[in-house]
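Raw contents of input-v3.txt, compact mmCIF, C-alpha atoms:
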# COMPACT_ATOMS: atom_id res chain seq x y z
CA MET A 22 -28.35 151.63 -25.58
CA VAL A 23 -24.84 152.11 -26.72
CA SER A 24 -21.84 151.33 -24.57
CA LYS A 25 -19.38 153.92 -23.41
CA ALA A 26 -16.60 152.55 -25.57
CA ASP A 27 -18.50 153.19 -28.77
CA PHE A 28 -17.91 156.88 -28.97
CA GLU A 29 -15.55 159.63 -28.05
CA PRO A 30 -16.66 161.70 -25.09
CA TRP A 31 -17.96 165.13 -25.85
CA PRO A 32 -15.54 167.99 -25.45
CA GLU A 33 -15.09 169.60 -22.09
CA PRO A 34 -16.98 172.86 -22.12
CA PRO A 35 -15.07 176.09 -21.80
CA ALA A 36 -15.58 178.15 -18.70
CA PRO A 37 -18.76 180.22 -18.91
CA ALA A 38 -18.04 183.56 -20.56
CA GLY A 39 -20.38 185.62 -18.45
CA PRO A 40 -20.69 185.97 -14.72
CA GLN A 41 -22.06 182.89 -13.02
CA ALA A 42 -25.79 183.12 -13.01
CA SER A 43 -27.69 182.31 -9.90
CA PRO A 44 -31.45 181.97 -9.82
CA GLY A 45 -33.10 185.30 -9.31
CA SER A 46 -29.90 187.14 -10.12
CA THR A 47 -30.37 190.73 -11.12
CA GLY A 48 -26.78 191.27 -12.09
CA PRO A 49 -25.52 192.56 -15.43
CA GLN A 50 -26.92 189.46 -17.15
CA ALA A 51 -30.45 190.55 -16.42
CA SER A 52 -30.29 193.62 -18.61
CA PRO A 53 -31.29 193.50 -22.27
CA GLY A 54 -28.30 193.32 -24.54
CA SER A 55 -26.50 190.78 -22.41
CA THR A 56 -23.41 189.52 -24.19
CA GLY A 57 -22.66 186.59 -21.91
CA LYS A 58 -22.87 183.03 -23.05
CA TYR A 59 -26.07 182.46 -21.17
CA VAL A 60 -29.47 184.03 -21.62
CA ALA A 61 -30.35 186.39 -18.77
CA GLN A 62 -32.04 184.68 -15.84
CA SER A 63 -34.97 187.09 -16.06
CA VAL A 64 -35.92 185.73 -19.49
CA THR A 65 -39.06 183.62 -19.44
CA GLY A 66 -39.64 182.98 -23.11
CA ALA A 67 -38.09 182.89 -26.54
CA ALA A 68 -39.35 183.94 -29.95
CA LYS A 69 -37.81 183.36 -33.36
CA ILE A 70 -37.62 184.97 -36.74
CA LEU A 71 -36.26 183.21 -39.82
CA ILE A 72 -33.74 184.95 -42.06
CA VAL A 73 -34.22 183.33 -45.44
CA GLY A 74 -32.67 183.64 -48.86
CA PRO A 75 -30.50 181.95 -51.44
CA LEU A 76 -26.89 181.01 -50.80
CA GLY A 77 -24.56 183.99 -50.53
CA VAL A 78 -27.27 186.61 -50.19
CA GLY A 79 -26.00 187.85 -46.81
CA LYS A 80 -27.98 185.88 -44.20
CA THR A 81 -24.88 185.04 -42.19
CA THR A 82 -23.65 188.62 -42.41
CA LEU A 83 -26.94 190.08 -41.20
CA ILE A 84 -27.19 187.64 -38.30
CA GLY A 85 -23.61 188.42 -37.29
CA THR A 86 -24.31 192.14 -37.49
CA VAL A 87 -27.25 192.14 -35.11
CA SER A 88 -26.57 189.19 -32.81
CA GLU A 89 -25.43 189.82 -29.24
CA ILE A 90 -23.56 186.50 -29.24
CA LYS A 91 -21.02 185.34 -31.76
CA PRO A 92 -23.24 183.67 -34.35
CA LEU A 93 -23.45 179.94 -33.88
CA PHE A 94 -23.59 177.24 -36.46
CA THR A 95 -25.35 173.94 -36.33
CA GLU A 96 -26.13 171.18 -38.75
CA ALA A 97 -29.60 169.79 -38.77
CA VAL A 98 -29.77 166.17 -39.83
CA MET A 99 -32.83 165.40 -41.86
CA THR A 100 -33.78 161.77 -42.01
CA GLN A 101 -37.42 161.97 -42.90
CA ALA A 102 -38.55 160.49 -46.15
CA GLY A 103 -39.76 163.94 -46.98
CA ALA A 104 -36.21 165.19 -47.10
CA ARG A 105 -35.89 165.22 -50.84
CA VAL A 106 -32.34 165.26 -52.03
CA ASP A 107 -31.96 166.47 -55.58
CA ALA A 108 -28.41 165.30 -56.07
CA PRO A 109 -26.97 163.25 -53.23
CA ALA A 110 -23.35 164.26 -53.06
CA HIS A 111 -22.04 161.32 -51.10
CA GLY A 112 -24.35 158.55 -52.12
CA THR A 113 -26.57 158.74 -49.05
CA LYS A 114 -30.19 158.44 -49.92
CA ASP A 115 -32.08 158.98 -46.73
CA THR A 116 -30.23 161.68 -44.85
CA THR A 117 -28.97 165.11 -45.62
CA THR A 118 -27.74 167.90 -43.45
CA VAL A 119 -28.74 171.51 -43.49
CA ALA A 120 -26.28 174.07 -42.26
CA LEU A 121 -27.96 176.76 -40.25
CA ASP A 122 -26.48 179.69 -38.46
CA PHE A 123 -28.25 181.66 -35.85
CA GLY A 124 -27.93 184.56 -33.48
CA ARG A 125 -29.64 185.98 -30.44
CA ILE A 126 -31.00 189.34 -29.34
CA THR A 127 -32.37 189.94 -25.84
CA VAL A 128 -35.25 192.25 -26.75
CA ALA A 129 -36.71 192.66 -23.27
CA GLY A 130 -35.93 191.68 -19.71
CA ASP A 131 -38.10 188.61 -20.11
CA LEU A 132 -37.90 187.89 -23.84
CA VAL A 133 -35.13 186.71 -26.12
CA LEU A 134 -35.32 186.65 -29.90
CA TYR A 135 -33.50 184.08 -32.01
CA LEU A 136 -32.68 184.64 -35.67
CA PHE A 137 -32.26 181.47 -37.70
CA GLY A 138 -30.59 181.69 -41.10
CA THR A 139 -32.38 179.26 -43.36
CA PRO A 140 -31.07 178.20 -46.77
CA GLY A 141 -33.40 178.63 -49.69
CA GLN A 142 -32.98 175.52 -51.79
CA HIS A 143 -36.02 173.40 -52.31
CA ARG A 144 -34.46 170.30 -50.79
CA PHE A 145 -34.20 172.07 -47.45
CA LEU A 146 -37.92 172.66 -47.27
CA PRO A 147 -38.47 169.94 -44.62
CA ALA A 148 -36.12 171.80 -42.30
CA TRP A 149 -38.14 174.93 -42.93
CA ARG A 150 -41.35 173.32 -41.80
CA ASP A 151 -39.90 172.51 -38.38
CA LEU A 152 -38.25 175.86 -37.95
CA ALA A 153 -41.23 177.81 -39.20
CA LYS A 154 -43.41 176.26 -36.50
CA GLY A 155 -43.88 178.98 -33.92
CA ALA A 156 -41.85 181.55 -35.86
CA LEU A 157 -43.12 185.13 -35.75
CA GLY A 158 -42.26 185.63 -39.38
CA ALA A 159 -39.42 185.76 -41.85
CA LEU A 160 -37.12 188.33 -43.36
CA ALA A 161 -36.41 187.38 -46.97
CA LEU A 162 -33.08 188.70 -48.21
CA ILE A 163 -32.83 189.46 -51.90
CA ASP A 164 -29.68 189.90 -53.96
CA PRO A 165 -30.53 192.66 -56.44
CA ARG A 166 -27.95 191.19 -58.84
CA ASP A 167 -29.91 187.94 -58.95
CA VAL A 168 -33.53 188.56 -58.06
CA ALA A 169 -34.66 185.29 -59.65
CA ALA A 170 -32.63 183.29 -57.12
CA SER A 171 -35.19 184.29 -54.51
CA PHE A 172 -38.31 183.12 -56.31
CA ASP A 173 -38.20 179.69 -54.64
CA VAL A 174 -37.72 181.19 -51.21
CA LEU A 175 -40.73 183.47 -51.53
CA GLY A 176 -42.75 180.54 -52.83
CA HIS A 177 -41.83 178.47 -49.76
CA LEU A 178 -42.86 181.29 -47.44
CA GLU A 179 -46.20 181.62 -49.16
CA ASP A 180 -46.75 177.84 -49.03
CA LEU A 181 -45.98 177.82 -45.32
CA GLY A 182 -48.24 180.80 -44.68
CA LEU A 183 -45.41 182.53 -42.85
CA PRO A 184 -45.70 186.32 -42.96
CA PHE A 185 -42.60 188.03 -44.29
CA ALA A 186 -40.90 191.24 -45.29
CA VAL A 187 -38.44 191.56 -48.15
CA ALA A 188 -35.08 193.23 -47.64
CA VAL A 189 -32.89 193.96 -50.64
CA ASN A 190 -29.31 193.52 -49.51
CA VAL A 191 -27.50 196.28 -51.35
CA PHE A 192 -24.08 195.28 -52.63
CA PRO A 193 -21.55 197.83 -53.89
CA ASP A 194 -22.09 196.74 -57.48
CA SER A 195 -25.85 196.37 -57.15
CA PRO A 196 -27.93 197.54 -60.06
CA GLN A 197 -30.52 200.16 -59.22
CA HIS A 198 -34.04 198.81 -59.14
CA HIS A 199 -37.18 200.78 -58.73
CA ASP A 200 -39.47 199.50 -56.00
CA ALA A 201 -42.30 199.02 -58.44
CA GLU A 202 -40.15 196.92 -60.76
CA LEU A 203 -38.95 194.76 -57.90
CA ARG A 204 -42.43 194.32 -56.50
CA LYS A 205 -43.65 193.25 -59.89
CA ALA A 206 -40.73 190.90 -60.45
CA LEU A 207 -41.17 189.32 -57.03
CA ASP A 208 -44.97 189.38 -57.27
CA LEU A 209 -45.30 190.89 -53.80
CA LEU A 210 -48.61 191.68 -52.19
CA PRO A 211 -49.18 195.43 -51.83
CA ASP A 212 -48.81 195.29 -48.03
CA THR A 213 -45.61 193.21 -47.99
CA PRO A 214 -42.81 195.53 -46.84
CA LEU A 215 -39.93 196.00 -49.27
CA VAL A 216 -36.87 197.70 -47.78
CA LEU A 217 -33.27 198.27 -48.77
CA CYS A 218 -30.66 197.17 -46.31
CA ASP A 219 -26.95 196.74 -45.87
CA ALA A 220 -26.43 193.50 -43.99
CA ARG A 221 -23.02 194.72 -42.78
CA ASP A 222 -24.56 197.69 -41.05
CA GLN A 223 -26.24 197.19 -37.68
CA THR A 224 -28.69 200.08 -37.90
CA SER A 225 -29.72 199.13 -41.40
CA SER A 226 -30.20 195.47 -40.49
CA ILE A 227 -32.17 196.30 -37.35
CA GLN A 228 -34.36 198.61 -39.42
CA ALA A 229 -35.12 195.76 -41.80
CA LEU A 230 -36.17 193.61 -38.83
CA ILE A 231 -38.27 196.50 -37.52
CA ALA A 232 -40.05 196.74 -40.88
CA LEU A 233 -40.90 193.06 -40.55
CA VAL A 234 -42.17 193.30 -36.98
CA ARG A 235 -44.27 196.39 -37.76
CA HIS A 236 -45.80 194.41 -40.61
CA LEU A 237 -46.52 191.50 -38.24
CA ILE A 238 -48.18 193.83 -35.76
CA LEU A 239 -50.35 195.34 -38.50
CA ALA A 240 -51.30 191.89 -39.75
CA ALA A 241 -52.18 190.78 -36.22
CA THR A 242 -54.31 193.82 -35.43
CA GLU A 243 -55.85 194.53 -38.82
CA THR A 244 -58.52 191.87 -38.96
CA PRO A 245 -60.78 190.72 -36.14
CA MET B 16 -16.47 174.82 -31.70
CA THR B 17 -18.72 173.95 -34.60
CA ASN B 18 -17.68 170.31 -34.71
CA GLY B 19 -17.01 168.28 -31.61
CA PRO B 20 -14.24 165.73 -31.76
CA TRP B 21 -16.84 163.07 -31.29
CA GLU B 22 -18.49 164.00 -34.54
CA ARG B 23 -15.24 164.19 -36.45
CA THR B 24 -13.59 161.06 -35.21
CA SER B 25 -16.42 158.67 -34.55
CA PRO B 26 -18.26 156.75 -37.24
CA VAL B 27 -21.25 156.36 -34.95
CA ARG B 28 -24.35 157.83 -36.52
CA PRO B 29 -26.00 160.49 -34.40
CA TYR B 30 -29.08 158.45 -33.75
CA VAL B 31 -27.11 155.59 -32.20
CA ILE B 32 -26.44 157.76 -29.22
CA THR B 33 -30.10 158.35 -28.59
CA GLY B 34 -30.84 154.64 -28.48
CA GLY B 35 -32.72 154.96 -31.75
CA ARG B 36 -35.33 157.26 -30.34
CA ALA B 37 -36.18 160.03 -32.72
CA GLU B 38 -38.58 161.97 -30.63
CA SER B 39 -39.85 162.20 -27.12
CA GLU B 40 -43.45 161.94 -26.08
CA GLY B 41 -45.31 165.19 -26.42
CA GLY B 42 -43.13 166.28 -29.31
CA PRO B 43 -39.57 167.52 -29.31
CA LEU B 44 -38.44 170.70 -27.63
CA SER B 45 -38.26 173.41 -30.23
CA TRP B 46 -34.89 174.86 -31.17
CA GLU B 47 -35.58 178.08 -29.31
CA SER B 48 -36.77 176.40 -26.09
CA LEU B 49 -34.61 177.55 -23.21
CA VAL B 50 -33.08 174.92 -20.95
CA MET B 51 -31.02 175.00 -17.77
CA ALA B 52 -29.56 172.37 -15.45
CA THR B 53 -31.23 172.05 -12.07
CA ASP B 54 -29.28 171.98 -8.83
CA ALA B 55 -29.92 168.25 -8.46
CA ALA B 56 -26.73 166.20 -8.23
CA PHE B 57 -26.52 164.03 -11.29
CA PRO B 58 -26.11 160.27 -11.00
CA ALA B 59 -22.60 158.95 -11.64
CA ALA B 60 -23.95 156.43 -14.12
CA LEU B 61 -25.13 159.17 -16.45
CA GLN B 62 -23.98 158.86 -20.09
CA PRO B 63 -21.11 161.25 -20.87
CA GLU B 64 -23.32 163.01 -23.41
CA HIS B 65 -25.92 163.75 -20.78
CA GLN B 66 -23.20 164.96 -18.43
CA ALA B 67 -21.74 167.23 -21.09
CA ILE B 68 -25.12 168.83 -21.60
CA LEU B 69 -25.55 169.46 -17.88
CA THR B 70 -22.07 170.96 -17.64
CA HIS B 71 -22.91 173.32 -20.49
CA CYS B 72 -26.30 174.33 -19.15
CA GLN B 73 -25.29 176.09 -15.94
CA GLY B 74 -27.33 179.02 -17.22
CA LEU B 75 -30.21 179.42 -19.66
CA LEU B 76 -29.47 178.41 -23.26
CA SER B 77 -31.67 177.53 -26.21
CA VAL B 78 -31.67 173.98 -27.54
CA ALA B 79 -29.98 175.32 -30.70
CA GLU B 80 -27.21 176.94 -28.66
CA VAL B 81 -26.54 173.78 -26.68
CA ALA B 82 -26.39 171.85 -29.96
CA ALA B 83 -23.96 174.32 -31.50
CA HIS B 84 -21.73 174.44 -28.41
CA LEU B 85 -21.51 170.65 -28.32
CA GLY B 86 -21.19 170.26 -32.08
CA GLN B 87 -24.19 167.96 -32.26
CA PRO B 88 -27.32 168.13 -34.40
CA PRO B 89 -30.27 169.70 -32.56
CA SER B 90 -32.30 166.56 -33.31
CA VAL B 91 -29.94 164.54 -31.10
CA LEU B 92 -29.99 167.15 -28.36
CA GLN B 93 -33.77 167.19 -28.41
CA VAL B 94 -33.85 163.51 -27.45
CA LEU B 95 -31.15 163.71 -24.78
CA LEU B 96 -32.69 166.85 -23.29
CA ALA B 97 -36.04 165.07 -23.09
CA ASP B 98 -34.33 162.39 -20.96
CA LEU B 99 -32.82 164.99 -18.67
CA LEU B 100 -36.14 166.74 -18.39
CA GLU B 101 -37.85 163.49 -17.43
CA TRP B 102 -35.18 162.81 -14.78
CA GLY B 103 -35.60 166.27 -13.32
CA LEU B 104 -32.04 167.26 -14.18
CA ILE B 105 -33.00 170.20 -16.38
CA VAL B 106 -35.84 172.67 -16.46
CA THR B 107 -37.20 174.33 -19.58
CA ARG B 108 -38.75 177.66 -20.33
CA PRO B 109 -40.96 176.94 -23.27
CA PRO B 110 -40.94 179.20 -26.30
CA ILE B 111 -43.84 181.47 -27.04
CA PRO B 112 -46.56 178.94 -27.85
CA PRO B 113 -47.19 178.68 -31.56
CA ALA B 114 -50.40 180.49 -32.22
CA GLU B 115 -52.44 180.96 -35.32
CA ARG B 116 -51.81 184.62 -34.89
CA ALA B 117 -48.81 186.03 -33.12
CA ASP B 118 -49.52 187.70 -29.83
CA VAL B 119 -49.55 191.45 -30.36
CA THR B 120 -48.21 192.27 -26.91
CA MET B 121 -45.19 190.09 -27.57
CA LEU B 122 -44.68 191.57 -31.04
CA ARG B 123 -44.73 195.06 -29.55
CA LYS B 124 -42.15 193.95 -27.03
CA VAL B 125 -39.92 192.69 -29.85
CA LEU B 126 -40.43 195.94 -31.75
CA SER B 127 -39.50 198.11 -28.81
CA GLY B 128 -36.48 195.93 -28.07
CA LEU B 129 -35.27 196.33 -31.64
CA GLU B 130 -35.92 200.06 -31.68
CA SER B 131 -33.87 200.46 -28.53
CA ARG B 132 -30.89 199.12 -30.47
CA LEU B 133 -30.96 201.83 -33.12

Can you give me the file's structure in the form of structure tokens?
Amino acid sequence: MVSKADFEPWPEPPAPAGPQASPGSTGPQASPGSTGKYVAQSVTGAAKILIVGPLGVGKTTLIGTVSEIKPLFTEAVMTQAGARVDAPAHGTKDTTTVALDFGRITVAGDLVLYLFGTPGQHRFLPAWRDLAKGALGALALIDPRDVAASFDVLGHLEDLGLPFAVAVNVFPDSPQHHDAELRKALDLLPDTPLVLCDARDQTSSIQALIALVRHLILAATETP
Amino acid sequence: MTNGPWERTSPVRPYVITGGRAESEGGPLSWESLVMATDAAFPAALQPEHQAILTHCQGLLSVAEVAAHLGQPPSVLQVLLADLLEWGLIVTRPPIPPAERADVTMLRKVLSGLESRL
């Protein structure tokens, strides 16, 4: 155990943003779409979806567009031997940190959905394994200006056996791709959804998530 | 709010604070597990880190949210939360149990929740 003098105390928390929750409360917090700090008291479970893709593809933007809370940021420390570091930047051999941002959507009175933005580089794969555990699936964001940057990400998803949909984040200067060309380039299975989306637009981003969840439902009901 | 002063100013490695424990028995709480402080009065001798967590968890929050609010890695929070759980100072609402195949009822619920946002 460490003594009190060894560290700075944690910061004092700010006052709760939402109304004070009391057990069994059916106040405004209980309705889907709550924007308070806390999850509605009626919620009994949480699900998660990973938003994956290479750096700069728009993961943070999409999460910010659809999240009911201001997207949060956390750094996962990886200390396992399996945390392969290609090029240690600061001379540390056994630890690396993975920056992850995430958001929240209350999808039902009793269910909240978390979206975790997960970086695509190979060295972050150990963090993926933990996060992928229990995940419903993943939405893979593709930059149409650099399709090849997503090859690794799709490979990781296939290795993990995590079902996914592909969303092409359309940038103003995006080249036009035909679906068939993209599917071939990305080597997608025929039933893997491929949708266009604008990560800055809420409707478009929600529609991409809907395409994923529809795919998950089909996959779960298709075979006995 | 992304980095607590403790993280910025202290050279103490995150795992020091957990007494070197990396994981609780029965596996760590997942990042999306929801936690909330109970009404139990907490002992005065509680570590400041434990107290900070309880102060933050006056309502339901995921492990990831608590970590982000406190500027600490989720791996550290997982250990401290396991302590609090053992002492009866927090309760958890476990995530949807990982299944080989996702539960269709739950998926439909997610779908309808998303569609209602269009």

Exercise. What is the distance between atom CA of Pro92 of chain A and atom CA of Ala97 of chain B, in Å to one decimal?
Worked result: 25.2 Å

Exercise. Got a sec: who's within 9 Å of Gln228 of chain A, counting only C-alpha atoms, leaving out chain neighbours fewer than 6 positions off, as a list in words?
Worked result: Val216 and Cys218 of chain A; Leu129, Glu130 and Leu133 of chain B

For this session: For chain A, list the residues within 6 Å of chain B, counting all atoms listed in the file, and write the list as a ChimeraX atom specification.
Result: /A:22,29,31,59-60,66-68,94-97,128-129,155,224

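Rounded to one decimal, atom CA of Val106 of chain B and atom CA of Pro43 of chain B lie 14.3 Å from each other.
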
For this session: Please provide as a PyMOL selection string all residues within 12 Å of segment 138-143 of chain A, with the sequence filter that same-chain residues fewer than 6 positions apart are discarded (counting all atoms listed in the file).
Result: chain A and resi 69-85+88+92-97+103-108+118-125+149-153+159-163+170-178

Those residues with C-alpha atoms, as a PDB file, keeping the file's coordinate frame please?
ATOM      1  CA  LYS A  69     -37.810 183.360 -33.360  1.00  0.00           C
ATOM      2  CA  ILE A  70     -37.620 184.970 -36.740  1.00  0.00           C
ATOM      3  CA  LEU A  71     -36.260 183.210 -39.820  1.00  0.00           C
ATOM      4  CA  ILE A  72     -33.740 184.950 -42.060  1.00  0.00           C
ATOM      5  CA  VAL A  73     -34.220 183.330 -45.440  1.00  0.00           C
ATOM      6  CA  GLY A  74     -32.670 183.640 -48.860  1.00  0.00           C
ATOM      7  CA  PRO A  75     -30.500 181.950 -51.440  1.00  0.00           C
ATOM      8  CA  LEU A  76     -26.890 181.010 -50.800  1.00  0.00           C
ATOM      9  CA  GLY A  77     -24.560 183.990 -50.530  1.00  0.00           C
ATOM     10  CA  VAL A  78     -27.270 186.610 -50.190  1.00  0.00           C
ATOM     11  CA  GLY A  79     -26.000 187.850 -46.810  1.00  0.00           C
ATOM     12  CA  LYS A  80     -27.980 185.880 -44.200  1.00  0.00           C
ATOM     13  CA  THR A  81     -24.880 185.040 -42.190  1.00  0.00           C
ATOM     14  CA  THR A  82     -23.650 188.620 -42.410  1.00  0.00           C
ATOM     15  CA  LEU A  83     -26.940 190.080 -41.200  1.00  0.00           C
ATOM     16  CA  ILE A  84     -27.190 187.640 -38.300  1.00  0.00           C
ATOM     17  CA  GLY A  85     -23.610 188.420 -37.290  1.00  0.00           C
ATOM     18  CA  SER A  88     -26.570 189.190 -32.810  1.00  0.00           C
ATOM     19  CA  PRO A  92     -23.240 183.670 -34.350  1.00  0.00           C
ATOM     20  CA  LEU A  93     -23.450 179.940 -33.880  1.00  0.00           C
ATOM     21  CA  PHE A  94     -23.590 177.240 -36.460  1.00  0.00           C
ATOM     22  CA  THR A  95     -25.350 173.940 -36.330  1.00  0.00           C
ATOM     23  CA  GLU A  96     -26.130 171.180 -38.750  1.00  0.00           C
ATOM     24  CA  ALA A  97     -29.600 169.790 -38.770  1.00  0.00           C
ATOM     25  CA  GLY A 103     -39.760 163.940 -46.980  1.00  0.00           C
ATOM     26  CA  ALA A 104     -36.210 165.190 -47.100  1.00  0.00           C
ATOM     27  CA  ARG A 105     -35.890 165.220 -50.840  1.00  0.00           C
ATOM     28  CA  VAL A 106     -32.340 165.260 -52.030  1.00  0.00           C
ATOM     29  CA  ASP A 107     -31.960 166.470 -55.580  1.00  0.00           C
ATOM     30  CA  ALA A 108     -28.410 165.300 -56.070  1.00  0.00           C
ATOM     31  CA  THR A 118     -27.740 167.900 -43.450  1.00  0.00           C
ATOM     32  CA  VAL A 119     -28.740 171.510 -43.490  1.00  0.00           C
ATOM     33  CA  ALA A 120     -26.280 174.070 -42.260  1.00  0.00           C
ATOM     34  CA  LEU A 121     -27.960 176.760 -40.250  1.00  0.00           C
ATOM     35  CA  ASP A 122     -26.480 179.690 -38.460  1.00  0.00           C
ATOM     36  CA  PHE A 123     -28.250 181.660 -35.850  1.00  0.00           C
ATOM     37  CA  GLY A 124     -27.930 184.560 -33.480  1.00  0.00           C
ATOM     38  CA  ARG A 125     -29.640 185.980 -30.440  1.00  0.00           C
ATOM     39  CA  TRP A 149     -38.140 174.930 -42.930  1.00  0.00           C
ATOM     40  CA  ARG A 150     -41.350 173.320 -41.800  1.00  0.00           C
ATOM     41  CA  ASP A 151     -39.900 172.510 -38.380  1.00  0.00           C
ATOM     42  CA  LEU A 152     -38.250 175.860 -37.950  1.00  0.00           C
ATOM     43  CA  ALA A 153     -41.230 177.810 -39.200  1.00  0.00           C
ATOM     44  CA  ALA A 159     -39.420 185.760 -41.850  1.00  0.00           C
ATOM     45  CA  LEU A 160     -37.120 188.330 -43.360  1.00  0.00           C
ATOM     46  CA  ALA A 161     -36.410 187.380 -46.970  1.00  0.00           C
ATOM     47  CA  LEU A 162     -33.080 188.700 -48.210  1.00  0.00           C
ATOM     48  CA  ILE A 163     -32.830 189.460 -51.900  1.00  0.00           C
ATOM     49  CA  ALA A 170     -32.630 183.290 -57.120  1.00  0.00           C
ATOM     50  CA  SER A 171     -35.190 184.290 -54.510  1.00  0.00           C
ATOM     51  CA  PHE A 172     -38.310 183.120 -56.310  1.00  0.00           C
ATOM     52  CA  ASP A 173     -38.200 179.690 -54.640  1.00  0.00           C
ATOM     53  CA  VAL A 174     -37.720 181.190 -51.210  1.00  0.00           C
ATOM     54  CA  LEU A 175     -40.730 183.470 -51.530  1.00  0.00           C
ATOM     55  CA  GLY A 176     -42.750 180.540 -52.830  1.00  0.00           C
ATOM     56  CA  HIS A 177     -41.830 178.470 -49.760  1.00  0.00           C
ATOM     57  CA  LEU A 178     -42.860 181.290 -47.440  1.00  0.00           C
TER      58      LEU A 178
END

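As for atom CA of Ala188 of chain A and atom CA of Phe145 of chain A, they are spaced 21.2 Å apart.
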
Edge lengths and centre, in Å to one decimal, as JSON: that's what I need for the box along x, y and z that holds all listed atoms of segment 211-222 of chain A plus 6 Å on each side.
{"center_x": -36.1, "center_y": 195.7, "center_z": -46.4, "size_x": 38.2, "size_y": 17.1, "size_z": 22.8}

Taking the structure in the block just given, could you write segment 189-201 of chain A with N, CA and C atoms, as a JSON list (two decimals), in the first residue's frame?
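Everything below was put into result27.json:
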[["chain", "number", "residue", "atom", "x", "y", "z"],
["A", 189, "VAL", "N", -18.03, 4.32, -45.39],
["A", 189, "VAL", "CA", -17.07, 5.19, -46.07],
["A", 189, "VAL", "C", -17.38, 6.62, -45.65],
["A", 190, "ASN", "N", -16.44, 7.21, -44.92],
["A", 190, "ASN", "CA", -16.64, 8.59, -44.47],
["A", 190, "ASN", "C", -16.31, 9.53, -45.63],
["A", 191, "VAL", "N", -17.33, 10.16, -46.16],
["A", 191, "VAL", "CA", -17.15, 10.96, -47.38],
["A", 191, "VAL", "C", -16.61, 12.34, -47.03],
["A", 192, "PHE", "N", -15.44, 12.63, -47.52],
["A", 192, "PHE", "CA", -14.83, 13.94, -47.34],
["A", 192, "PHE", "C", -15.11, 14.78, -48.59],
["A", 193, "PRO", "N", -15.06, 16.12, -48.44],
["A", 193, "PRO", "CA", -15.38, 16.98, -49.57],
["A", 193, "PRO", "C", -14.55, 16.66, -50.82],
["A", 194, "ASP", "N", -13.29, 16.28, -50.60],
["A", 194, "ASP", "CA", -12.45, 16.01, -51.77],
["A", 194, "ASP", "C", -12.32, 14.51, -52.05],
["A", 195, "SER", "N", -13.30, 13.75, -51.57],
["A", 195, "SER", "CA", -13.23, 12.30, -51.76],
["A", 195, "SER", "C", -13.35, 11.93, -53.22],
["A", 196, "PRO", "N", -12.54, 10.98, -53.65],
["A", 196, "PRO", "CA", -12.75, 10.46, -55.00],
["A", 196, "PRO", "C", -14.01, 9.59, -55.00],
["A", 197, "GLN", "N", -14.65, 9.51, -56.14],
["A", 197, "GLN", "CA", -15.83, 8.66, -56.26],
["A", 197, "GLN", "C", -15.39, 7.21, -56.47],
["A", 198, "HIS", "N", -15.93, 6.34, -55.63],
["A", 198, "HIS", "CA", -15.66, 4.92, -55.82],
["A", 198, "HIS", "C", -16.97, 4.22, -56.11],
["A", 199, "HIS", "N", -16.93, 3.24, -56.95],
["A", 199, "HIS", "CA", -18.10, 2.40, -57.09],
["A", 199, "HIS", "C", -18.08, 1.34, -56.00],
["A", 200, "ASP", "N", -19.26, 0.99, -55.52],
["A", 200, "ASP", "CA", -19.36, -0.01, -54.46],
["A", 200, "ASP", "C", -18.57, -1.27, -54.80],
["A", 201, "ALA", "N", -18.75, -1.71, -56.03],
["A", 201, "ALA", "CA", -18.13, -2.98, -56.42],
["A", 201, "ALA", "C", -16.60, -2.89, -56.34]]
